[in-house]
Amino acid sequence: MVFSSNVFLLYFMPVFFLVYFILPKKIRNYFLLLASLVFYAYGAPEFIIHLIVSVIANFYLVRWMNKVEKPGLKKLLCGISIAISIGLLFYFKYGNFTMQNINAVRGWFHAEPLQWVKILLPIGISFFSFQSVTYTLDTYRKVNEPMKRLSDYMLYIVMFPQLIAGPIVRYCDIADQIRNRESLYTDRLQGFYRFVIGLAKKVLIADVIGFQVDQVLGPSNYDVLTSAQLADIANKIATIDSTTAWIAIFAFTFQIYFDFAGYSDMAIGLGRMMGFKFPENFDNPYVSTTISEFWRRWHQTFSVFIKNYLYFPLGGSRVKTEGRKYFNLWFCFLISGLWHGAAWNFVVYGALQGIFICADKLFLKKFNERLGKFPSVFFTFLIIVLTRCFFRIERIDLSWLFIKRLFAFDFAPFHFSENPHLYVTMLVAAFFSFFTLSKFGIKVQDKVYFTEYNKRQHIIAFVVSIVAFVFCLGALNASGFSPFIYFRF
Amino acid sequence: MRNRGYILYPLLFGLLMVFLFSFMIQEHFRPFETKALNGYFGKVKMPPLKWEFYQNGYFQKATEKYVSRNFGFREPIIRLYNQYCWDFYRKEYVSYTFVGKENWLFYGHNVNDYYGTEMYEWFADKEEASRTFDKEVRLLDKVRHILQQYDVTLLTMIAPSKSSIYPEYLPRRDFDTTTVNARSYYLKRFAENGMPCLDMTNYFLQMKDTCSFYLFPPTGDHWNFSTVYAADSLFHFMGALRDIQLPHIEYGNEWRTTCCTGDDKNIDLEPDLNLMRLIRYNPKFNYKERDFEVVCDTDCTKPIALFVGNSFIFRIINYIPPRQAFSHFDFWYYNRIAYQGVEELMDSVTKIDRLSVLLDADYIIWSSSASQMYRATEGFAEAAIIDLCIGEERFEARLKELNDSLYHGKGDLKNLKTMMQKDPEAYFPEIAGDGIPTVRNPLLLADDFWTRRDIRRQIKRDPKWMLNITAQLPALGLKLQEALNLETDNCLNGRQLMRDKKIGSAEFKEMLVMKMIQTIQKDPNWYNLVKKEAEQKGISIEERLRDHALYAVNTQIAKGEVKLPDDE
């Protein structure tokens with residue numbers, strides 16, 4: 001189920017919250033667990049059994065691991081637990097990609113391709129696999145005690161607000177909240193306001209922009225296209241003028257931010273309504289002055305995960321040689337690129353990000369400091385925009401062709417009147433993306449997101465949220481329906 | 001404890017829950033009446049919850065679609081969002097309605113036609129388009145010549161295209177000059193064949209600079225009061241073709257501004273935008289209406305006419321009731337729905353005796369509009385030539401023969417039949433080629449065919465006779481054509497005529513009520529209201545339907561829109 005669907009907004013959410021708040025506190029977690037399983041099963045019925053079985057297996061493995069004293073056995077059990085989570089992720093997410101590449105290599109040697117039934121990707125698998133890993137490792141490292149009850153552990157993994165697309169909540173951050181939390185009326189209200197902010201980001205900004213991006217670059221997932229459709233997209237890209245190309249890639253840069261940040265806001269808001277405090281996932285990434293800063297602000301819970309569970313185990317920066325340090329950095333970004341999708345364009349995207357991060361450490365950061373705040377924000381944003389070509393266009397040759405068209409200087413006249421809705425929405429998106437460059441912007445953001453409202457502010461926020469909710473419903477039903485970009489990651 | 005016990009927060013949260021549930025409550029109990037959305041949305045049913053559907057995701061997708069179409073307060077919410085998009089961006093979500101300059105609305109196919117891209121909606125290339133148009137003109141011309149032999153005049157009329165008359169208000173686009181424009185192509189070929197054709201676009205372009213008001217409403221795709229001028233020209237053109245005097249129009253002096261009010265029948269594109277309020281226009285776009293009267297003097301003849309065309313014909317009917325200009329009027333809407341006679345009885349064109357209607361007419365007016373000419377003659381020319389030259393028996397025999405020879409008797413007959421209907425020249429060599437076919441439907445050669453045709457024409461020319469027959473239809477349980485054939489038999493066999501049967505006002509009123517019931521059943525909004533009321537009152541839908549129909553007919557009678565026959 002998708003948060004921005006009618007079924008969720010008009011049926012699931014009202015019924016869930018009504019029942020949830022009527023029930024005694026003791027059994028709310030059970031109801032939340034049940035609702036989360038229904039939520040997942042509704043959207044991915046064929047994978048619910050996989051999810052439940054892997055969660056149960058992991059729970060008992062970790063409990064066993066926690067009980068044993070022998071370090072060797074402990075390590076082995078930890079390894080098995082991680083292998084289950086990562087193995088499932090690898091099988092479902094990278095099985096097709098691996099076989100495609102094996103067959104491509106076999107093709108070079110004129111060997112028959114291996115037979116392979118294409119695997120469907122369970123939605124949210126990356127996110128719940130990562131959460132399982134954090135549970136295993138945090139328990140192994142004795143950061144937290146393991147859950148006593150299976151239902152609590154299951155709830156941590158499958159809780160519907162963050163099940164599908166994060167934020168990736170570390171076990172140590174939420175363990176206490178699962179057992180003991182309080183949901184005040186003010187939390188419920190402010191959670192709803194946050195949810196509506198996210199919904200508006202998704203429906204009123206990301207979807208409006210995304211529709212136009214799709215018109216130019218085709219649908220975001222090329223796997224579903226026929227060869228004729230792909231040829232059509234290739235032809236479109238080859239003949240695109242520079243004006244349209246720049247508009248499209250800027251538009252996509254805003255779309256992906258508002259789409260994903262919108263989802264995170266909704267998840268955080270829903271969590272808050274129930275008394276959970278999920279970690280923030282975005283901190284105005286486009287105001288970054290360096291690429292390193294960008295990755296500290298973009299998809300923060302994922303960056304933290306990579307840092308804690310990949311970069312540090314590799315040795316982090318405490319390694320013998322400088323070369324190894326840069327390799328570790330670059331490798332982490334390569335993996336994070338691949339995490340976004342099983343395709344070579346994502347590998348290139350990750351590798352490029354890694355190169356820019358290393359360049360940051362070597363010279364780019366100093367260069368940016370000399371440029372000054374605003375030019376370095378612009379420069380960093382430009383790098384982000386350009387690397388997004390490899391993110392959005394799922395074929396490297398077409399991504400490269402598209403970049404060539406960006407710099408072909410074949411500019412067509414720009415007519416605002418041709419699509420005012422897109423351009424105004426892009427301006428709004430740009431405004432909110434760079435809003436916090438000013439102190440006033442930061443102040444407003446803190447007020448809206450992070451402070452408790454007084455009575456007057458509550459009344460205003462309530463009315464605004466209701467109106468925005470109605471507007472989002474209108475937009476959703478007047479213009480069609482669109483899933484979240486990050487679902488497939 | 002922070003904020004605990006304070007009344008505002010529980011109150012706001014309570015209101016929030018009420019708000020979230022209000023959509024569900026409205027959907028299921030409809031406590032508030034909302035104005036329905038305009039336009040065609042297609043029916044969406046709640047999918048059955050079957051394991052297979054759930055597993056393959058069909059259930060989820062269909063449920064989302066169902067909820068999207070049916071959730072409570074959907075109509076005002078969509079109108080609100082549409083209004084926002086319109087006010088801020090001049091954006092609309094209607095398929096094939098384009099917003100031009102100064103808020104002028106255009107039908108998308110017309111815009112494409114004007115800029116030269118419409119051809120690609122229907123044909124792969126220029127050659128295919130030209131080949132199709134050539135075939136259509138050839139067939140239409142053959143039909144015209146054959147009908148001429150039987151005293152039936154076929155003429156063509158091309159309704160004006162708003163895009164061609166007022167291109168200055170069109171949205172900016174590039175022209176594609178490499179395509180074939182259907183209207184221009186047809187006009188050229190009609191002229192080469194000597195086919196009588198009234199091109200209203202040309203006529204309207206001439207009128208545009210001299211007329212004191214806009215010939216099209218900014219919010220509609222069809223002609224407004226200019227319909228009356230067009231009809232006047234059509235009547236003159238028809239009269240000249242047969243050298244007879246047809247009814248003409250006399251104009252009064254009083255002018256009324258009718259533009260863009262809620263009940264303006266000319267604003268046919270705007271309602272589909274589903275906005276909250278009407279679009280505001282510059283008063284210079286106001287158009288006007290004036291008094292007029294259709295006059296038929298002593299030397300004048302009201303002909304029997306068959307119109308084959310699109311919604312532009314409805315506009316003529318709206319302004320000029322057919323009985324004022326024609327003794328009998330048939331209208332084949334898109335060559336699919338047949339409105340028979342002055343009382344507009346409806347049926348499918350495939351279910352009526354087309355041959356009789358074709359040959360009973362004095363005039364057949366084949367009409368189209370610029371953007372719809374790409375759809376050729378909507379199958380009219382093909383069907384007409386089969387009716388006139390081949391006949392049902394020979395058609396079926398050929399169908400069987402082809403099925404046997406091509407598919408050993410096991411072919412898809414429906415498919416094969418459609419192929420033959422689409423390209424009769426390919427399957428019946430006797431009607432192929434450039435010459436006028438000499439072969440005829442055997443029915444035309446029957447001894448009494450023409451006698452019967454003359455009697456039917458006589459009946460159709462007599463409005464009272466037709467009215468009497470029409471009024472007896474519900475009681476007899478007959479369709480109009482069946483009743484006409486019965487009356488023809490009565491004439492031939494010296495039996496008592498339906499014409500002579502006295503129709504009382506009660507019988508006539510009953511006929512009107514039956515007709516009104518049909519009208520209600522075809523109007524989904526009205527019919528749903530009837531169903532809901534029947535449920536509330538605990539009576540059958542039929543009873544409530546009759547109540548509504550009776551009320552509507554009584555209102556028509558009270559307003560003088562319908563006159564009952566005298567009972568003395």
# chains A, B, ... in the order shown; residues from 1 in each chain; ligands from 1
call {"tool": "interface_residues", "arguments": {"of": "chain B", "to": "chain A", "cutoff": "8 Å", "atoms": "only C-alpha atoms", "output": "PyMOL selection string"}}
result
chain B and resi 3-4+8-10+12-13+17+20-21+23-24+54-55+57+60+63-64+67-68+71+74+77-82+85+88-89+91+93
call {"tool": "residues_around", "arguments": {"residues": "Ile146 (chain B)", "least_positions_apart": "4", "cutoff": "12 Å", "atoms": "only C-alpha atoms", "output": "PyMOL selection string"}}
result
chain B and resi 139-142+150-154+358-359+381+384-389+431+435-441+444
call {"tool": "write_last_selection", "arguments": {"atoms": "N, CA and C atoms", "output": "compact mmCIF listing (two decimals), in the first residue's frame"}}
result
# COMPACT_ATOMS: atom_id res chain seq x y z
N LEU B 139 -17.28 6.11 -53.26
CA LEU B 139 -18.48 5.39 -52.81
C LEU B 139 -19.66 6.34 -52.63
N LEU B 140 -19.37 7.48 -52.01
CA LEU B 140 -20.43 8.46 -51.75
C LEU B 140 -21.02 8.95 -53.07
N ASP B 141 -20.16 9.12 -54.05
CA ASP B 141 -20.63 9.60 -55.36
C ASP B 141 -21.48 8.53 -56.05
N LYS B 142 -21.07 7.28 -55.90
CA LYS B 142 -21.88 6.20 -56.47
C LYS B 142 -23.26 6.18 -55.82
N TYR B 150 -33.67 7.44 -58.17
CA TYR B 150 -34.93 7.18 -57.46
C TYR B 150 -35.48 8.43 -56.79
N ASP B 151 -35.12 9.57 -57.35
CA ASP B 151 -35.68 10.84 -56.88
C ASP B 151 -35.25 11.19 -55.44
N VAL B 152 -34.06 10.82 -55.10
CA VAL B 152 -33.53 11.19 -53.78
C VAL B 152 -32.25 12.01 -54.02
N THR B 153 -32.19 13.17 -53.39
CA THR B 153 -31.03 14.04 -53.59
C THR B 153 -30.06 13.89 -52.42
N LEU B 154 -28.85 13.51 -52.73
CA LEU B 154 -27.84 13.43 -51.67
C LEU B 154 -26.91 14.64 -51.78
N LEU B 358 -33.61 5.45 -46.56
CA LEU B 358 -32.82 6.07 -47.62
C LEU B 358 -33.70 6.47 -48.80
N LEU B 359 -34.60 5.56 -49.18
CA LEU B 359 -35.37 5.81 -50.40
C LEU B 359 -36.65 6.62 -50.16
N ALA B 381 -21.35 5.48 -46.42
CA ALA B 381 -21.27 5.21 -47.86
C ALA B 381 -21.22 3.70 -48.12
N ALA B 384 -24.62 2.13 -47.34
CA ALA B 384 -25.64 2.54 -48.30
C ALA B 384 -25.49 1.80 -49.62
N ILE B 385 -24.24 1.63 -50.05
CA ILE B 385 -24.06 0.95 -51.35
C ILE B 385 -24.41 -0.53 -51.23
N ILE B 386 -24.17 -1.10 -50.06
CA ILE B 386 -24.59 -2.51 -49.85
C ILE B 386 -26.12 -2.58 -49.86
N ASP B 387 -26.76 -1.65 -49.17
CA ASP B 387 -28.24 -1.64 -49.13
C ASP B 387 -28.83 -1.48 -50.53
N LEU B 388 -28.24 -0.58 -51.32
CA LEU B 388 -28.83 -0.26 -52.62
C LEU B 388 -28.49 -1.29 -53.69
N CYS B 389 -27.30 -1.83 -53.65
CA CYS B 389 -26.85 -2.68 -54.75
C CYS B 389 -26.77 -4.17 -54.42
N ILE B 431 -19.75 -3.97 -57.76
CA ILE B 431 -19.88 -2.55 -57.40
C ILE B 431 -18.52 -1.83 -57.41
N GLY B 435 -17.12 3.40 -62.38
CA GLY B 435 -18.47 3.62 -62.93
C GLY B 435 -19.55 3.45 -61.89
N ILE B 436 -20.77 3.89 -62.29
CA ILE B 436 -21.90 3.74 -61.36
C ILE B 436 -22.42 2.31 -61.49
N PRO B 437 -22.52 1.58 -60.41
CA PRO B 437 -22.97 0.18 -60.49
C PRO B 437 -24.39 0.09 -61.04
N THR B 438 -24.60 -0.94 -61.83
CA THR B 438 -25.95 -1.14 -62.38
C THR B 438 -26.70 -2.21 -61.60
N VAL B 439 -25.97 -2.98 -60.87
CA VAL B 439 -26.60 -4.04 -60.08
C VAL B 439 -27.43 -3.40 -58.95
N ARG B 440 -28.55 -4.08 -58.60
CA ARG B 440 -29.41 -3.52 -57.55
C ARG B 440 -29.81 -4.59 -56.54
N ASN B 441 -30.11 -4.12 -55.38
CA ASN B 441 -30.68 -4.98 -54.34
C ASN B 441 -31.98 -5.57 -54.90
N LEU B 444 -35.40 -3.94 -54.54
CA LEU B 444 -35.77 -2.77 -55.34
C LEU B 444 -36.49 -3.17 -56.62
call {"tool": "residues_around", "arguments": {"residues": "Met516 (chain B)", "least_positions_apart": "3", "cutoff": "8 Å", "atoms": "only C-alpha atoms", "output": "list in words"}}
result
Leu512, Val513, Thr519, Ile520, Ala549, Ala552 and Val553 of chain B
call {"tool": "write_last_selection", "arguments": {"atoms": "N, CA and C atoms", "output": "PDB file, in the first residue's frame"}}
result
ATOM      1  N   LEU B 512     -46.516  10.055 -24.512  1.00  0.00           N
ATOM      2  CA  LEU B 512     -45.478  10.984 -24.056  1.00  0.00           C
ATOM      3  C   LEU B 512     -44.816  10.489 -22.775  1.00  0.00           C
ATOM      4  N   VAL B 513     -45.627   9.917 -21.895  1.00  0.00           N
ATOM      5  CA  VAL B 513     -45.078   9.404 -20.631  1.00  0.00           C
ATOM      6  C   VAL B 513     -44.118   8.251 -20.912  1.00  0.00           C
ATOM      7  N   THR B 519     -36.429   8.395 -21.760  1.00  0.00           N
ATOM      8  CA  THR B 519     -35.444   9.478 -21.597  1.00  0.00           C
ATOM      9  C   THR B 519     -34.784   9.404 -20.223  1.00  0.00           C
ATOM     10  N   ILE B 520     -35.598   9.183 -19.200  1.00  0.00           N
ATOM     11  CA  ILE B 520     -35.044   9.126 -17.837  1.00  0.00           C
ATOM     12  C   ILE B 520     -34.078   7.961 -17.707  1.00  0.00           C
ATOM     13  N   ALA B 549     -41.851  10.692 -14.775  1.00  0.00           N
ATOM     14  CA  ALA B 549     -42.195  10.921 -16.182  1.00  0.00           C
ATOM     15  C   ALA B 549     -43.493  11.722 -16.275  1.00  0.00           C
ATOM     16  N   ALA B 552     -42.889  15.293 -15.396  1.00  0.00           N
ATOM     17  CA  ALA B 552     -42.183  16.008 -16.462  1.00  0.00           C
ATOM     18  C   ALA B 552     -43.121  16.324 -17.626  1.00  0.00           C
ATOM     19  N   VAL B 553     -43.976  15.349 -17.982  1.00  0.00           N
ATOM     20  CA  VAL B 553     -44.896  15.563 -19.111  1.00  0.00           C
ATOM     21  C   VAL B 553     -45.930  16.634 -18.735  1.00  0.00           C
TER      22      VAL B 553
END
call {"tool": "atom_distance", "arguments": {"atom1": "CA of Gln206 (chain B)", "atom2": "CA of Lys101 (chain B)"}}
result
22.4 Å
call {"tool": "select_by_dssp", "arguments": {"residues": "region 78-241 of chain B", "states": "strand (DSSP E)", "output": "list in words"}}
result
Thr97, Phe98, Val99, Leu105, Phe106, Tyr107, Thr153, Leu154, Leu155, Thr156, Met157, Ile158, Ala159, Cys197, Leu198 and Asp199 of chain B
call {"tool": "write_last_selection", "arguments": {"atoms": "N, CA and C atoms", "output": "compact mmCIF listing (two decimals), in the first residue's frame"}}
result
# COMPACT_ATOMS: atom_id res chain seq x y z
N THR B 97 -9.46 18.73 -24.59
CA THR B 97 -9.93 20.11 -24.57
C THR B 97 -8.69 20.96 -24.36
N PHE B 98 -8.48 21.91 -25.26
CA PHE B 98 -7.29 22.76 -25.16
C PHE B 98 -7.71 24.17 -24.79
N VAL B 99 -6.90 24.80 -23.97
CA VAL B 99 -7.16 26.19 -23.60
C VAL B 99 -6.37 27.09 -24.53
N LEU B 105 -11.79 27.97 -25.33
CA LEU B 105 -11.62 26.52 -25.25
C LEU B 105 -11.82 25.90 -26.64
N PHE B 106 -10.99 24.92 -26.94
CA PHE B 106 -11.07 24.26 -28.24
C PHE B 106 -11.09 22.76 -28.06
N TYR B 107 -11.80 22.11 -28.95
CA TYR B 107 -11.81 20.65 -28.98
C TYR B 107 -10.48 20.20 -29.60
N THR B 153 -32.19 13.17 -53.39
CA THR B 153 -31.03 14.04 -53.59
C THR B 153 -30.06 13.89 -52.42
N LEU B 154 -28.85 13.51 -52.73
CA LEU B 154 -27.84 13.43 -51.67
C LEU B 154 -26.91 14.64 -51.78
N LEU B 155 -26.74 15.33 -50.68
CA LEU B 155 -25.81 16.45 -50.67
C LEU B 155 -24.92 16.35 -49.44
N THR B 156 -23.87 17.11 -49.45
CA THR B 156 -22.96 17.05 -48.30
C THR B 156 -22.85 18.43 -47.68
N MET B 157 -22.65 18.41 -46.37
CA MET B 157 -22.46 19.68 -45.66
C MET B 157 -21.30 19.48 -44.67
N ILE B 158 -20.36 20.41 -44.74
CA ILE B 158 -19.25 20.32 -43.78
C ILE B 158 -19.41 21.42 -42.76
N ALA B 159 -19.61 21.01 -41.52
CA ALA B 159 -19.83 21.99 -40.44
C ALA B 159 -18.55 22.79 -40.20
N CYS B 197 -21.95 20.32 -52.37
CA CYS B 197 -21.35 20.41 -51.04
C CYS B 197 -21.46 21.83 -50.50
N LEU B 198 -21.91 21.92 -49.28
CA LEU B 198 -21.99 23.22 -48.62
C LEU B 198 -20.93 23.25 -47.54
N ASP B 199 -19.86 24.01 -47.81
CA ASP B 199 -18.76 24.08 -46.84
C ASP B 199 -18.98 25.26 -45.92
call {"tool": "select_by_dssp", "arguments": {"residues": "region 389-450 of chain A", "states": "alpha helix (DSSP H)", "output": "VMD selection string"}}
result
chain A and resid 389 to 392 396 to 406 420 to 434 439 to 445
call {"tool": "write_last_selection", "arguments": {"atoms": "N, CA and C atoms", "output": "compact mmCIF listing (two decimals), in the first residue's frame"}}
result
# COMPACT_ATOMS: atom_id res chain seq x y z
N CYS A 389 21.88 12.32 -13.86
CA CYS A 389 21.59 11.77 -15.19
C CYS A 389 21.77 10.26 -15.16
N PHE A 390 22.82 9.81 -14.46
CA PHE A 390 23.08 8.36 -14.40
C PHE A 390 22.09 7.66 -13.48
N PHE A 391 21.49 8.42 -12.60
CA PHE A 391 20.51 7.87 -11.67
C PHE A 391 19.18 7.67 -12.38
N ARG A 392 18.81 8.67 -13.18
CA ARG A 392 17.48 8.66 -13.78
C ARG A 392 17.40 7.84 -15.06
N ILE A 396 23.55 3.43 -19.52
CA ILE A 396 24.71 4.33 -19.46
C ILE A 396 24.90 5.08 -20.77
N ASP A 397 24.72 4.38 -21.90
CA ASP A 397 24.92 5.06 -23.19
C ASP A 397 23.94 6.23 -23.34
N LEU A 398 22.71 6.01 -22.87
CA LEU A 398 21.71 7.08 -23.00
C LEU A 398 22.00 8.21 -22.00
N SER A 399 22.49 7.84 -20.82
CA SER A 399 22.85 8.88 -19.84
C SER A 399 23.95 9.78 -20.44
N TRP A 400 24.91 9.14 -21.04
CA TRP A 400 26.03 9.87 -21.62
C TRP A 400 25.55 10.76 -22.78
N LEU A 401 24.67 10.18 -23.59
CA LEU A 401 24.10 10.94 -24.71
C LEU A 401 23.34 12.16 -24.18
N PHE A 402 22.62 11.91 -23.09
CA PHE A 402 21.84 13.00 -22.50
C PHE A 402 22.76 14.13 -22.01
N ILE A 403 23.86 13.74 -21.37
CA ILE A 403 24.81 14.76 -20.89
C ILE A 403 25.37 15.54 -22.08
N LYS A 404 25.63 14.83 -23.16
CA LYS A 404 26.13 15.52 -24.36
C LYS A 404 25.10 16.55 -24.85
N ARG A 405 23.82 16.14 -24.79
CA ARG A 405 22.77 17.07 -25.24
C ARG A 405 22.67 18.28 -24.31
N LEU A 406 22.99 18.05 -23.02
CA LEU A 406 22.97 19.18 -22.08
C LEU A 406 23.98 20.24 -22.49
N PRO A 420 2.96 26.47 -17.35
CA PRO A 420 3.14 27.26 -16.13
C PRO A 420 3.10 26.42 -14.86
N HIS A 421 2.27 25.36 -14.88
CA HIS A 421 2.16 24.54 -13.67
C HIS A 421 3.52 23.93 -13.31
N LEU A 422 4.21 23.41 -14.32
CA LEU A 422 5.53 22.81 -14.08
C LEU A 422 6.52 23.86 -13.57
N TYR A 423 6.57 25.00 -14.27
CA TYR A 423 7.60 25.98 -13.94
C TYR A 423 7.35 26.61 -12.57
N VAL A 424 6.08 26.88 -12.27
CA VAL A 424 5.78 27.45 -10.95
C VAL A 424 6.13 26.42 -9.87
N THR A 425 5.77 25.16 -10.13
CA THR A 425 6.07 24.12 -9.14
C THR A 425 7.58 23.96 -8.96
N MET A 426 8.31 24.07 -10.06
CA MET A 426 9.78 23.98 -9.95
C MET A 426 10.34 25.16 -9.15
N LEU A 427 9.74 26.32 -9.37
CA LEU A 427 10.19 27.49 -8.59
C LEU A 427 9.90 27.30 -7.10
N VAL A 428 8.71 26.77 -6.83
CA VAL A 428 8.35 26.50 -5.42
C VAL A 428 9.32 25.48 -4.83
N ALA A 429 9.60 24.42 -5.63
CA ALA A 429 10.53 23.39 -5.18
C ALA A 429 11.91 24.00 -4.91
N ALA A 430 12.35 24.85 -5.81
CA ALA A 430 13.67 25.48 -5.65
C ALA A 430 13.67 26.36 -4.40
N PHE A 431 12.57 27.09 -4.22
CA PHE A 431 12.48 27.97 -3.06
C PHE A 431 12.63 27.18 -1.76
N PHE A 432 11.86 26.08 -1.66
CA PHE A 432 11.93 25.30 -0.42
C PHE A 432 13.24 24.51 -0.30
N SER A 433 13.86 24.20 -1.44
CA SER A 433 15.13 23.48 -1.38
C SER A 433 16.25 24.36 -0.83
N PHE A 434 16.19 25.65 -1.18
CA PHE A 434 17.29 26.55 -0.79
C PHE A 434 16.87 27.55 0.30
N LYS A 439 19.09 32.62 7.42
CA LYS A 439 18.82 32.35 8.84
C LYS A 439 17.33 32.30 9.11
N PHE A 440 16.63 33.19 8.40
CA PHE A 440 15.17 33.23 8.56
C PHE A 440 14.57 31.87 8.17
N GLY A 441 15.08 31.32 7.08
CA GLY A 441 14.61 30.02 6.61
C GLY A 441 14.81 28.94 7.66
N ILE A 442 15.98 28.95 8.26
CA ILE A 442 16.28 27.93 9.29
C ILE A 442 15.31 28.10 10.47
N LYS A 443 15.06 29.37 10.81
CA LYS A 443 14.17 29.66 11.94
C LYS A 443 12.75 29.13 11.66
N VAL A 444 12.29 29.40 10.44
CA VAL A 444 10.95 28.94 10.08
C VAL A 444 10.90 27.42 10.08
N GLN A 445 11.91 26.81 9.51
CA GLN A 445 11.93 25.34 9.45
C GLN A 445 11.91 24.74 10.86
call {"tool": "decode", "arguments": {"residues": "region 426-468 of chain A", "atoms": "C-alpha atoms", "output": "mmCIF file, in the first residue's frame"}}
result
data_model
loop_
_atom_site.group_PDB
_atom_site.id
_atom_site.type_symbol
_atom_site.label_atom_id
_atom_site.label_comp_id
_atom_site.auth_asym_id
_atom_site.auth_seq_id
_atom_site.Cartn_x
_atom_site.Cartn_y
_atom_site.Cartn_z
ATOM 1 C CA MET A 426 9.781 23.979 -9.947
ATOM 2 C CA LEU A 427 10.188 27.491 -8.590
ATOM 3 C CA VAL A 428 8.348 26.498 -5.422
ATOM 4 C CA ALA A 429 10.528 23.386 -5.177
ATOM 5 C CA ALA A 430 13.674 25.480 -5.650
ATOM 6 C CA PHE A 431 12.480 27.972 -3.056
ATOM 7 C CA PHE A 432 11.932 25.302 -0.424
ATOM 8 C CA SER A 433 15.134 23.479 -1.376
ATOM 9 C CA PHE A 434 17.287 26.552 -0.786
ATOM 10 C CA PHE A 435 15.080 28.209 1.821
ATOM 11 C CA THR A 436 17.428 27.392 4.681
ATOM 12 C CA LEU A 437 20.351 29.194 3.111
ATOM 13 C CA SER A 438 19.000 32.160 5.066
ATOM 14 C CA LYS A 439 18.823 32.352 8.844
ATOM 15 C CA PHE A 440 15.171 33.227 8.557
ATOM 16 C CA GLY A 441 14.606 30.015 6.610
ATOM 17 C CA ILE A 442 16.282 27.933 9.290
ATOM 18 C CA LYS A 443 14.171 29.660 11.936
ATOM 19 C CA VAL A 444 10.945 28.940 10.077
ATOM 20 C CA GLN A 445 11.933 25.345 9.455
ATOM 21 C CA ASP A 446 12.763 24.775 13.116
ATOM 22 C CA LYS A 447 9.466 26.327 14.096
ATOM 23 C CA VAL A 448 7.456 24.164 11.723
ATOM 24 C CA TYR A 449 9.242 20.853 12.239
ATOM 25 C CA PHE A 450 10.963 20.775 15.549
ATOM 26 C CA THR A 451 9.182 22.917 18.150
ATOM 27 C CA GLU A 452 6.027 22.340 20.129
ATOM 28 C CA TYR A 453 3.170 24.505 18.863
ATOM 29 C CA ASN A 454 1.185 26.792 21.107
ATOM 30 C CA LYS A 455 -2.619 26.887 21.001
ATOM 31 C CA ARG A 456 -2.865 29.484 18.271
ATOM 32 C CA GLN A 457 -0.290 27.764 16.127
ATOM 33 C CA HIS A 458 -2.158 24.495 16.539
ATOM 34 C CA ILE A 459 -5.381 26.008 15.289
ATOM 35 C CA ILE A 460 -3.649 27.546 12.273
ATOM 36 C CA ALA A 461 -1.695 24.362 11.505
ATOM 37 C CA PHE A 462 -4.849 22.279 11.878
ATOM 38 C CA VAL A 463 -6.803 24.364 9.379
ATOM 39 C CA VAL A 464 -3.893 24.518 6.941
ATOM 40 C CA SER A 465 -3.384 20.744 7.189
ATOM 41 C CA ILE A 466 -7.045 20.007 6.523
ATOM 42 C CA VAL A 467 -7.063 22.295 3.483
ATOM 43 C CA ALA A 468 -3.773 20.817 2.229
#
